[in-house]
$ cat run_36.pdb   # PDB, C-alpha atoms
ATOM      1  CA  MET A  12     -19.770 -22.053   1.650
ATOM      2  CA  ALA A  13     -19.458 -19.147   4.062
ATOM      3  CA  VAL A  14     -15.849 -18.389   4.938
ATOM      4  CA  ARG A  15     -14.254 -17.072   8.123
ATOM      5  CA  ALA A  16     -11.451 -14.701   7.143
ATOM      6  CA  LEU A  17      -8.622 -13.090   9.097
ATOM      7  CA  ILE A  18      -7.351  -9.841   7.541
ATOM      8  CA  ILE A  19      -4.010  -8.469   8.786
ATOM      9  CA  ASP A  20      -2.907  -4.965   7.804
ATOM     10  CA  ASP A  21      -1.647  -1.986   9.802
ATOM     11  CA  SER A  22      -4.067   0.228   7.866
ATOM     12  CA  GLY A  23      -7.686   0.035   9.021
ATOM     13  CA  VAL A  24      -8.785   1.507   5.686
ATOM     14  CA  MET A  25      -6.962  -1.240   3.808
ATOM     15  CA  ARG A  26      -8.517  -3.948   6.002
ATOM     16  CA  LYS A  27     -11.971  -2.619   5.052
ATOM     17  CA  ILE A  28     -11.018  -2.524   1.351
ATOM     18  CA  VAL A  29      -9.728  -6.099   1.433
ATOM     19  CA  GLU A  30     -12.979  -7.241   3.091
ATOM     20  CA  ARG A  31     -15.028  -5.403   0.472
ATOM     21  CA  SER A  32     -12.935  -6.909  -2.326
ATOM     22  CA  LEU A  33     -13.531 -10.419  -0.952
ATOM     23  CA  ARG A  34     -17.281  -9.793  -1.010
ATOM     24  CA  GLN A  35     -17.047  -8.272  -4.525
ATOM     25  CA  ALA A  36     -15.126 -11.377  -5.589
ATOM     26  CA  GLY A  37     -18.198 -13.405  -4.679
ATOM     27  CA  LEU A  38     -16.982 -14.800  -1.388
ATOM     28  CA  GLU A  39     -19.642 -15.256   1.287
ATOM     29  CA  LEU A  40     -18.053 -14.177   4.563
ATOM     30  CA  ALA A  41     -19.442 -15.778   7.724
ATOM     31  CA  GLU A  42     -17.050 -13.846   9.951
ATOM     32  CA  VAL A  43     -14.190 -11.392   9.463
ATOM     33  CA  TRP A  44     -11.521 -10.894  12.102
ATOM     34  CA  GLU A  45      -8.954  -8.098  11.871
ATOM     35  CA  ALA A  46      -5.438  -7.614  13.226
ATOM     36  CA  SER A  47      -3.035  -4.729  12.675
ATOM     37  CA  ASN A  48       0.180  -6.793  12.728
ATOM     38  CA  GLY A  49       1.482 -10.338  12.961
ATOM     39  CA  LEU A  50       1.700 -10.369  16.748
ATOM     40  CA  GLU A  51      -1.941  -9.358  17.135
ATOM     41  CA  ALA A  52      -2.913 -11.992  14.586
ATOM     42  CA  LEU A  53      -1.042 -14.769  16.424
ATOM     43  CA  ALA A  54      -2.795 -13.777  19.668
ATOM     44  CA  LEU A  55      -6.165 -13.817  17.918
ATOM     45  CA  LEU A  56      -5.441 -17.271  16.486
ATOM     46  CA  GLN A  57      -5.309 -18.636  20.036
ATOM     47  CA  GLN A  58      -9.094 -18.168  20.119
ATOM     48  CA  LYS A  59     -10.242 -18.154  16.485
ATOM     49  CA  THR A  60      -9.761 -20.532  13.575
ATOM     50  CA  PRO A  61     -10.205 -18.867  10.188
ATOM     51  CA  ASP A  62     -10.606 -20.621   6.837
ATOM     52  CA  LEU A  63      -8.503 -18.000   5.062
ATOM     53  CA  ILE A  64      -5.813 -15.503   6.085
ATOM     54  CA  LEU A  65      -4.882 -12.392   4.090
ATOM     55  CA  THR A  66      -1.882 -10.428   5.291
ATOM     56  CA  ASP A  67       0.143  -7.371   4.395
ATOM     57  CA  ILE A  68       3.961  -7.664   4.563
ATOM     58  CA  ASN A  69       5.241  -4.263   5.769
ATOM     59  CA  MET A  70       3.823  -3.847   9.271
ATOM     60  CA  PRO A  71       5.290  -2.717  12.599
ATOM     61  CA  ASN A  72       5.924  -5.147  15.496
ATOM     62  CA  MET A  73       5.748  -8.291  13.356
ATOM     63  CA  ASP A  74       5.716  -8.205   9.550
ATOM     64  CA  GLY A  75       3.779 -10.563   7.313
ATOM     65  CA  LEU A  76       6.726 -12.791   6.435
ATOM     66  CA  GLU A  77       7.597 -13.416  10.085
ATOM     67  CA  PHE A  78       3.919 -14.037  10.814
ATOM     68  CA  VAL A  79       3.744 -16.754   8.145
ATOM     69  CA  LYS A  80       6.886 -18.389   9.587
ATOM     70  CA  GLN A  81       5.431 -18.291  13.129
ATOM     71  CA  LEU A  82       2.124 -19.653  11.858
ATOM     72  CA  ARG A  83       3.805 -23.035  11.335
ATOM     73  CA  GLY A  84       3.823 -23.402  15.108
ATOM     74  CA  VAL A  85       0.078 -22.750  15.496
ATOM     75  CA  GLU A  86      -1.594 -26.141  15.420
ATOM     76  CA  SER A  87      -5.121 -24.854  14.768
ATOM     77  CA  ALA A  88      -3.921 -22.896  11.714
ATOM     78  CA  GLN A  89      -2.268 -25.814   9.917
ATOM     79  CA  GLY A  90      -3.573 -26.004   6.359
ATOM     80  CA  VAL A  91      -5.228 -22.579   6.464
ATOM     81  CA  PRO A  92      -4.281 -20.828   3.197
ATOM     82  CA  VAL A  93      -2.411 -17.527   3.559
ATOM     83  CA  VAL A  94      -2.455 -14.891   0.812
ATOM     84  CA  MET A  95      -0.055 -11.942   0.963
ATOM     85  CA  ILE A  96      -1.541  -8.581  -0.151
ATOM     86  CA  THR A  97       1.240  -6.032  -0.346
ATOM     87  CA  THR A  98       2.870  -3.191  -2.249
ATOM     88  CA  GLU A  99       6.116  -5.185  -2.233
ATOM     89  CA  GLY A 100       5.891  -6.922  -5.597
ATOM     90  CA  SER A 101       9.527  -7.762  -6.225
ATOM     91  CA  GLU A 102      10.309 -11.262  -7.429
ATOM     92  CA  SER A 103      12.554 -11.888  -4.431
ATOM     93  CA  ARG A 104       9.755 -10.947  -2.003
ATOM     94  CA  VAL A 105       7.244 -13.184  -3.810
ATOM     95  CA  VAL A 106       9.670 -16.129  -3.703
ATOM     96  CA  GLU A 107      10.407 -15.450  -0.028
ATOM     97  CA  ALA A 108       6.703 -15.288   0.846
ATOM     98  CA  LEU A 109       5.866 -18.500  -1.002
ATOM     99  CA  SER A 110       8.845 -20.319   0.498
ATOM    100  CA  CYS A 111       7.663 -19.242   3.975
ATOM    101  CA  GLY A 112       4.334 -20.931   3.360
ATOM    102  CA  ALA A 113       2.090 -18.325   1.691
ATOM    103  CA  ARG A 114      -0.179 -19.849  -0.953
ATOM    104  CA  GLY A 115      -0.917 -16.692  -2.934
ATOM    105  CA  TYR A 116       0.443 -13.205  -3.581
ATOM    106  CA  ILE A 117      -1.540 -10.125  -4.642
ATOM    107  CA  ARG A 118       0.221  -6.842  -5.321
ATOM    108  CA  LYS A 119      -1.409  -3.529  -4.330
ATOM    109  CA  PRO A 120      -3.071  -1.812  -6.138
ATOM    110  CA  PHE A 121      -5.429  -4.639  -7.003
ATOM    111  CA  THR A 122      -8.848  -5.193  -8.557
ATOM    112  CA  PRO A 123     -11.627  -7.420  -7.153
ATOM    113  CA  GLU A 124     -11.020  -9.646 -10.202
ATOM    114  CA  GLN A 125      -7.419 -10.230  -9.115
ATOM    115  CA  VAL A 126      -8.634 -11.082  -5.605
ATOM    116  CA  LYS A 127     -11.103 -13.530  -7.144
ATOM    117  CA  GLN A 128      -8.400 -15.213  -9.253
ATOM    118  CA  HIS A 129      -6.028 -15.673  -6.343
ATOM    119  CA  VAL A 130      -8.380 -16.383  -3.452
ATOM    120  CA  LEU A 131     -11.343 -18.385  -4.753
ATOM    121  CA  PRO A 132      -9.298 -21.425  -5.889
ATOM    122  CA  LEU A 133      -7.728 -21.650  -2.419
ATOM    123  CA  VAL A 134     -11.089 -21.421  -0.667
ATOM    124  CA  ASN A 135     -12.683 -23.954  -3.012
ATOM    125  CA  GLN A 136      -9.933 -26.458  -2.235
TER
ATOM    126  CA  MET B   6      20.190  -6.721  -2.408
ATOM    127  CA  THR B   7      22.917  -4.423  -3.701
ATOM    128  CA  THR B   8      23.379  -1.201  -1.782
ATOM    129  CA  ALA B   9      24.852   0.802  -4.661
ATOM    130  CA  SER B  10      22.403   3.645  -5.197
ATOM    131  CA  ILE B  11      21.270   4.985  -8.545
ATOM    132  CA  THR B  12      22.080   8.558  -9.545
ATOM    133  CA  PRO B  13      19.480   9.326 -12.196
ATOM    134  CA  THR B  14      20.352  11.346 -15.295
ATOM    135  CA  ALA B  15      18.109  14.116 -16.639
ATOM    136  CA  ASP B  16      16.663  11.646 -19.176
ATOM    137  CA  THR B  17      15.946   9.166 -16.419
ATOM    138  CA  LEU B  18      14.197  11.806 -14.319
ATOM    139  CA  GLU B  19      12.063  12.792 -17.309
ATOM    140  CA  ARG B  20      11.033   9.147 -17.743
ATOM    141  CA  TRP B  21      10.366   8.800 -14.020
ATOM    142  CA  VAL B  22       7.919  11.739 -14.057
ATOM    143  CA  THR B  23       5.853   9.847 -16.612
ATOM    144  CA  LEU B  24       6.082   6.615 -14.601
ATOM    145  CA  LEU B  25       5.193   8.396 -11.344
ATOM    146  CA  GLU B  26       2.071   9.851 -12.960
ATOM    147  CA  LEU B  27       1.142   6.481 -14.464
ATOM    148  CA  ALA B  28       1.670   4.759 -11.110
ATOM    149  CA  ALA B  29      -0.518   7.334  -9.350
ATOM    150  CA  ARG B  30      -3.264   7.144 -11.987
ATOM    151  CA  GLU B  31      -3.450   3.351 -11.674
ATOM    152  CA  VAL B  32      -3.665   3.534  -7.878
ATOM    153  CA  PHE B  33      -6.509   6.068  -8.012
ATOM    154  CA  GLN B  34      -8.393   4.118 -10.687
ATOM    155  CA  MET B  35      -8.054   0.733  -8.960
ATOM    156  CA  MET B  36      -8.210   1.638  -5.266
ATOM    157  CA  VAL B  37     -10.013   4.992  -5.051
ATOM    158  CA  GLY B  38     -12.448   4.392  -7.872
ATOM    159  CA  GLY B  39     -11.828   7.725  -9.575
ATOM    160  CA  ASP B  40      -9.442   9.360 -11.988
ATOM    161  CA  LEU B  41      -6.846  11.959 -11.175
ATOM    162  CA  GLU B  42      -7.761  15.247 -12.823
ATOM    163  CA  PRO B  43      -5.690  18.155 -14.086
ATOM    164  CA  CYS B  44      -4.599  20.459 -11.272
ATOM    165  CA  PRO B  45      -7.567  22.838 -10.780
ATOM    166  CA  THR B  46      -5.559  26.056 -10.415
ATOM    167  CA  ALA B  47      -2.341  27.480 -11.825
ATOM    168  CA  ASP B  48      -0.981  28.484  -8.430
ATOM    169  CA  PRO B  49      -2.343  25.804  -6.093
ATOM    170  CA  ASP B  50      -2.243  25.683  -2.313
ATOM    171  CA  PHE B  51      -1.618  22.010  -1.630
ATOM    172  CA  GLY B  52      -2.783  22.187   1.967
ATOM    173  CA  ASP B  53      -1.347  20.862   5.187
ATOM    174  CA  ILE B  54      -1.354  17.071   4.914
ATOM    175  CA  THR B  55       1.838  15.289   3.875
ATOM    176  CA  ALA B  56       2.012  11.521   3.458
ATOM    177  CA  MET B  57       5.456  10.013   2.934
ATOM    178  CA  ILE B  58       7.147   6.690   2.254
ATOM    179  CA  GLY B  59      10.885   6.109   2.482
ATOM    180  CA  LEU B  60      12.795   4.253  -0.220
ATOM    181  CA  ALA B  61      16.040   2.437   0.566
ATOM    182  CA  GLY B  62      18.436   0.325  -1.459
ATOM    183  CA  GLU B  63      19.249   1.050  -5.098
ATOM    184  CA  LEU B  64      17.157   4.201  -4.847
ATOM    185  CA  CYS B  65      17.159   6.164  -1.591
ATOM    186  CA  GLY B  66      14.630   8.899  -1.038
ATOM    187  CA  LEU B  67      11.030   9.743  -0.310
ATOM    188  CA  VAL B  68       7.727   9.609  -2.121
ATOM    189  CA  THR B  69       5.401  12.288  -0.758
ATOM    190  CA  ILE B  70       1.809  13.357  -1.360
ATOM    191  CA  ASN B  71       0.660  16.833  -0.302
ATOM    192  CA  CYS B  72      -2.991  17.796  -0.149
ATOM    193  CA  SER B  73      -5.594  19.518   2.000
ATOM    194  CA  THR B  74      -7.637  17.889   4.765
ATOM    195  CA  ALA B  75     -10.703  18.199   2.516
ATOM    196  CA  CYS B  76      -8.882  16.414  -0.306
ATOM    197  CA  ALA B  77      -7.688  13.608   2.015
ATOM    198  CA  ALA B  78     -11.244  13.163   3.278
ATOM    199  CA  GLN B  79     -12.587  13.028  -0.290
ATOM    200  CA  ILE B  80     -10.022  10.401  -1.286
ATOM    201  CA  ALA B  81     -10.764   8.269   1.783
ATOM    202  CA  SER B  82     -14.533   8.594   1.287
ATOM    203  CA  ALA B  83     -14.184   7.489  -2.340
ATOM    204  CA  MET B  84     -11.997   4.534  -1.307
ATOM    205  CA  LEU B  85     -14.451   3.292   1.317
ATOM    206  CA  GLY B  86     -17.700   4.330  -0.339
ATOM    207  CA  ALA B  87     -18.725   6.152   2.843
ATOM    208  CA  SER B  88     -18.176   9.572   4.377
ATOM    209  CA  VAL B  89     -14.786   9.704   6.127
ATOM    210  CA  THR B  90     -13.320  12.562   8.170
ATOM    211  CA  VAL B  91      -9.679  13.480   8.739
ATOM    212  CA  ASP B  92      -9.960  12.239  12.324
ATOM    213  CA  ASP B  93     -11.514   8.961  11.274
ATOM    214  CA  GLY B  94      -9.410   7.282   8.602
ATOM    215  CA  ALA B  95      -8.533   9.921   6.022
ATOM    216  CA  LEU B  96      -4.883  10.177   7.125
ATOM    217  CA  ASP B  97      -4.609   6.384   7.173
ATOM    218  CA  ALA B  98      -6.067   6.276   3.641
ATOM    219  CA  LEU B  99      -3.646   8.892   2.317
ATOM    220  CA  GLY B 100      -0.713   6.997   3.844
ATOM    221  CA  GLU B 101      -1.866   3.848   2.053
ATOM    222  CA  ILE B 102      -2.289   5.724  -1.234
ATOM    223  CA  CYS B 103       1.264   7.030  -0.887
ATOM    224  CA  ASN B 104       2.464   3.501  -0.086
ATOM    225  CA  MET B 105       0.791   2.084  -3.193
ATOM    226  CA  VAL B 106       1.998   4.896  -5.472
ATOM    227  CA  ALA B 107       5.584   4.318  -4.279
ATOM    228  CA  GLY B 108       5.294   0.547  -4.694
ATOM    229  CA  ASN B 109       3.657   0.825  -8.106
ATOM    230  CA  PHE B 110       6.290   3.325  -9.286
ATOM    231  CA  LYS B 111       9.060   1.024  -8.051
ATOM    232  CA  ALA B 112       7.515  -1.907  -9.925
ATOM    233  CA  LYS B 113       7.520   0.113 -13.164
ATOM    234  CA  VAL B 114      11.229   0.940 -12.963
ATOM    235  CA  THR B 115      12.817  -2.371 -13.890
ATOM    236  CA  THR B 116      16.150  -1.498 -12.282
ATOM    237  CA  LEU B 117      14.414  -0.897  -8.939
ATOM    238  CA  ALA B 118      11.976  -3.789  -8.888
ATOM    239  CA  ASN B 119      14.197  -6.102  -6.829
ATOM    240  CA  GLY B 120      16.669  -3.687  -5.292
ATOM    241  CA  CYS B 121      14.613  -1.163  -3.397
ATOM    242  CA  VAL B 122      12.477  -1.523  -0.272
ATOM    243  CA  LEU B 123       9.754   0.701   1.170
ATOM    244  CA  SER B 124       9.229   1.964   4.709
ATOM    245  CA  VAL B 125       5.846   1.982   6.435
ATOM    246  CA  PRO B 126       3.893   5.210   5.715
ATOM    247  CA  THR B 127       4.113   8.376   7.800
ATOM    248  CA  VAL B 128       1.525  11.157   7.606
ATOM    249  CA  ILE B 129       2.167  14.694   8.897
ATOM    250  CA  ARG B 130      -0.667  17.138   9.580
ATOM    251  CA  GLY B 131       0.332  20.798   9.581
ATOM    252  CA  SER B 132       2.426  22.966   7.302
ATOM    253  CA  ASP B 133       4.835  24.702   9.679
ATOM    254  CA  TYR B 134       7.823  22.463   9.025
ATOM    255  CA  GLU B 135      10.787  22.140   6.684
ATOM    256  CA  LEU B 136      12.032  18.915   5.160
ATOM    257  CA  HIS B 137      15.799  18.443   5.370
ATOM    258  CA  PRO B 138      16.803  15.274   3.515
ATOM    259  CA  ILE B 139      20.281  13.933   4.296
ATOM    260  CA  GLY B 140      22.533  14.545   1.313
ATOM    261  CA  ASP B 141      21.905  16.336  -1.945
ATOM    262  CA  GLY B 142      19.524  15.062  -4.519
ATOM    263  CA  SER B 143      17.115  15.756  -7.306
ATOM    264  CA  SER B 144      13.361  15.518  -7.282
ATOM    265  CA  VAL B 145      10.465  15.094  -9.654
ATOM    266  CA  ALA B 146       6.852  16.052  -8.991
ATOM    267  CA  ILE B 147       3.444  16.036 -10.589
ATOM    268  CA  GLN B 148       0.559  18.363  -9.798
ATOM    269  CA  GLN B 149      -2.888  16.809 -10.127
ATOM    270  CA  GLY B 150      -6.385  17.209  -8.789
ATOM    271  CA  PHE B 151      -9.010  15.009  -7.167
ATOM    272  CA  GLY B 152     -12.590  16.081  -6.566
ATOM    273  CA  GLY B 153     -11.662  19.659  -7.460
ATOM    274  CA  CYS B 154      -8.810  19.791  -4.902
ATOM    275  CA  PRO B 155      -5.140  20.096  -5.898
ATOM    276  CA  LEU B 156      -2.609  17.493  -4.824
ATOM    277  CA  ARG B 157       1.111  17.121  -5.394
ATOM    278  CA  ILE B 158       2.972  13.838  -5.705
ATOM    279  CA  ALA B 159       6.760  14.022  -5.519
ATOM    280  CA  LEU B 160       9.780  11.760  -5.564
ATOM    281  CA  ARG B 161      12.773  13.224  -3.694
ATOM    282  CA  ILE B 162      15.996  11.364  -4.341
ATOM    283  CA  HIS B 163      18.958  11.165  -1.953
ATOM    284  CA  GLU B 164      22.148  10.861  -3.960
TER
END
$ encode --input "run_36.pdb" --output "structure tokens"
Amino acid sequence: MAVRALIIDDSGVMRKIVERSLRQAGLELAEVWEASNGLEALALLQQKTPDLILTDINMPNMDGLEFVKQLRGVESAQGVPVVMITTEGSESRVVEALSCGARGYIRKPFTPEQVKQHVLPLVNQ
Amino acid sequence: MTTASITPTADTLERWVTLLELAAREVFQMMVGGDLEPCPTADPDFGDITAMIGLAGELCGLVTINCSTACAAQIASAMLGASVTVDDGALDALGEICNMVAGNFKAKVTTLANGCVLSVPTVIRGSDYELHPIGDGSSVAIQQGFGGCPLRIALRIHE
């Protein structure tokens, strides 16, 4: 199944690396949309409906945790799995992210194999 | 999170040098697709690019990476598998490398794992500046190379 993915990161380089890692993990990407923070992503979600969202946490304007909280109010995004990809790997941050509604958590630096382990089961569901 | 900051002993700093190098090596292997090399010269000129990440909480300070524009472009090109210039992504890439080195170092120091947060990256281009951290503090640094260019990774601690 080809997947439509939304990648949110304030680094354009990192957005490209996440996209490449998804492809290396064996995911067929029908479309990839990018946003540089949570606010941009929420605006984009008014027009697009992805099958998968990957987001950084530390971003200006709206961070990844606030984005996941706000996502609850976006009707078209209900049920869309969100995976956090971030340098913040502390236990408290992981718990916070999962309690906000994230379904997966990948700590940077990461390998394509780690992306595969965390993302493919969510997409296959 | 507690706000009591750590004042590292000499033994701790010695251990942190090793962990900083390990953290940097892992980031380069996993995200850049290449190994850090020994510093190519004995008296290196690290160039005019400085990437930095602030640390706050149990450890307050900065993680910085210094390198040349050519080195930053090489790192970014290796990360993306395509030619990248300083004006088209190399500074962004170096900021992300610094971010990941700081985060990976933090994760390796068990006392910091839950009590220290990172800022978003800042990258400065140019060498005509002085860094004046608030308060005294110690620092540790490693000198490495990538693609034949020297680079310096440092942890400056505010005590």
$ interface_residues --input "run_36.pdb" --of "chain B" --to "chain A" --cutoff "10 Å" --atoms "all atoms listed in the file" --output "JSON, numbers by chain"
{"B": [6, 28, 31, 32, 33, 34, 35, 36, 37, 81, 84, 85, 86, 93, 94, 95, 96, 97, 98, 99, 100, 101, 102, 104, 105, 106, 107, 108, 109, 111, 112, 115, 117, 118, 119, 120, 121, 122, 123, 124, 125, 126]}
$ resolve_selection --input "run_36.pdb" --expression "the PyMOL selection byres ((chain A and resi 67) around 9)" --output "PyMOL selection string"
chain A and resi 18-21+48+65-66+68-70+74-76+94-98
$ residues_around --input "run_36.pdb" --residues "stretch 12-15 of chain A" --least-positions-apart "5" --cutoff "8 Å" --atoms "all atoms listed in the file" --output "list in words"
Leu38, Glu39, Leu40, Ala41, Glu42, Val43, Trp44, Thr60, Pro61, Asp62, Leu63 and Val134 of chain A
$ resolve_selection --input "run_36.pdb" --expression "the PyMOL selection byres ((chain B and resi 151) around 6)" --output "NGL selection string"
:B and (41-42 or 150 or 152-154)
$ resolve_selection --input "run_36.pdb" --expression "the PyMOL selection byres ((chain B and resi 12-23) around 7)" --output "PyMOL selection string"
chain B and resi 10-11+24-27+145-146+164
$ atom_distance --input "run_36.pdb" --atom1 "atom CA of B:Ile162" --atom2 "atom CA of B:Ile54"
20.5 Å
$ residues_around --input "run_36.pdb" --residues "A:Ser87" --least-positions-apart "3" --cutoff "9 Å" --atoms "only C-alpha atoms" --output "PDB file with C-alpha atoms, in the frame of the given file"
ATOM      1  CA  LEU A  56      -5.441 -17.271  16.486  1.00  0.00           C
ATOM      2  CA  GLN A  57      -5.309 -18.636  20.036  1.00  0.00           C
ATOM      3  CA  LYS A  59     -10.242 -18.154  16.485  1.00  0.00           C
ATOM      4  CA  THR A  60      -9.761 -20.532  13.575  1.00  0.00           C
ATOM      5  CA  GLY A  90      -3.573 -26.004   6.359  1.00  0.00           C
ATOM      6  CA  VAL A  91      -5.228 -22.579   6.464  1.00  0.00           C
TER       7      VAL A  91
END
$ axis_aligned_box --input "run_36.pdb" --around "stretch 103-113 of chain A" --padding-each-side "5 Å" --output "JSON"
{"center_x": 7.3, "center_y": -15.9, "center_z": -0.2, "size_x": 20.5, "size_y": 20.0, "size_z": 18.4}
$ residues_near_point --input "run_36.pdb" --point "(13.4, 13.0, -4.2)" --cutoff "7 Å" --atoms "all atoms listed in the file" --output "ChimeraX atom specification"
/B:66-68,142-145,159-163
$ atom_distance --input "run_36.pdb" --atom1 "atom CA of B:Ser73" --atom2 "atom CA of B:Thr55"
8.8 Å
$ atom_distance --input "run_36.pdb" --atom1 "atom CA of A:Gln58" --atom2 "atom CA of A:Arg83"
16.3 Å
$ residues_around --input "run_36.pdb" --residues "B:Thr127" --least-positions-apart "6" --cutoff "7 Å" --atoms "all atoms listed in the file" --output "compact mmCIF listing (two decimals) with C-alpha atoms, keeping the file's coordinate frame"
# COMPACT_ATOMS: atom_id res chain seq x y z
CA ALA B 56 2.01 11.52 3.46
CA MET B 57 5.46 10.01 2.93
CA ILE B 58 7.15 6.69 2.25
CA GLY B 100 -0.71 7.00 3.84
$ closest_residue --input "run_36.pdb" --among "A:Ala88, A:Ala46, A:Val79, A:Val93" --to "A:Cys111" --atoms "only C-alpha atoms"
A:Val79
$ decode --input "run_36.pdb" --residues "stretch 141-162 of chain B" --atoms "C-alpha atoms" --output "compact mmCIF listing (two decimals), in the first residue's frame"
# COMPACT_ATOMS: atom_id res chain seq x y z
CA ASP B 141 32.41 30.42 35.32
CA GLY B 142 32.71 26.89 34.15
CA SER B 143 34.84 24.12 32.78
CA SER B 144 34.87 22.68 29.31
CA VAL B 145 35.85 19.53 27.48
CA ALA B 146 36.60 19.22 23.77
CA ILE B 147 37.59 16.71 21.15
CA GLN B 148 39.42 17.42 17.91
CA GLN B 149 38.45 15.17 15.00
CA GLY B 150 38.38 15.18 11.24
CA PHE B 151 35.84 14.49 8.51
CA GLY B 152 36.72 14.20 4.84
CA GLY B 153 40.21 15.52 5.57
CA CYS B 154 38.89 18.66 7.33
CA PRO B 155 39.40 19.33 11.05
CA LEU B 156 36.44 19.85 13.35
CA ARG B 157 36.15 20.56 17.06
CA ILE B 158 33.32 19.41 19.30
CA ALA B 159 33.14 21.01 22.74
CA LEU B 160 30.99 20.98 25.85
CA ARG B 161 31.16 24.25 27.81
CA ILE B 162 29.64 24.00 31.26
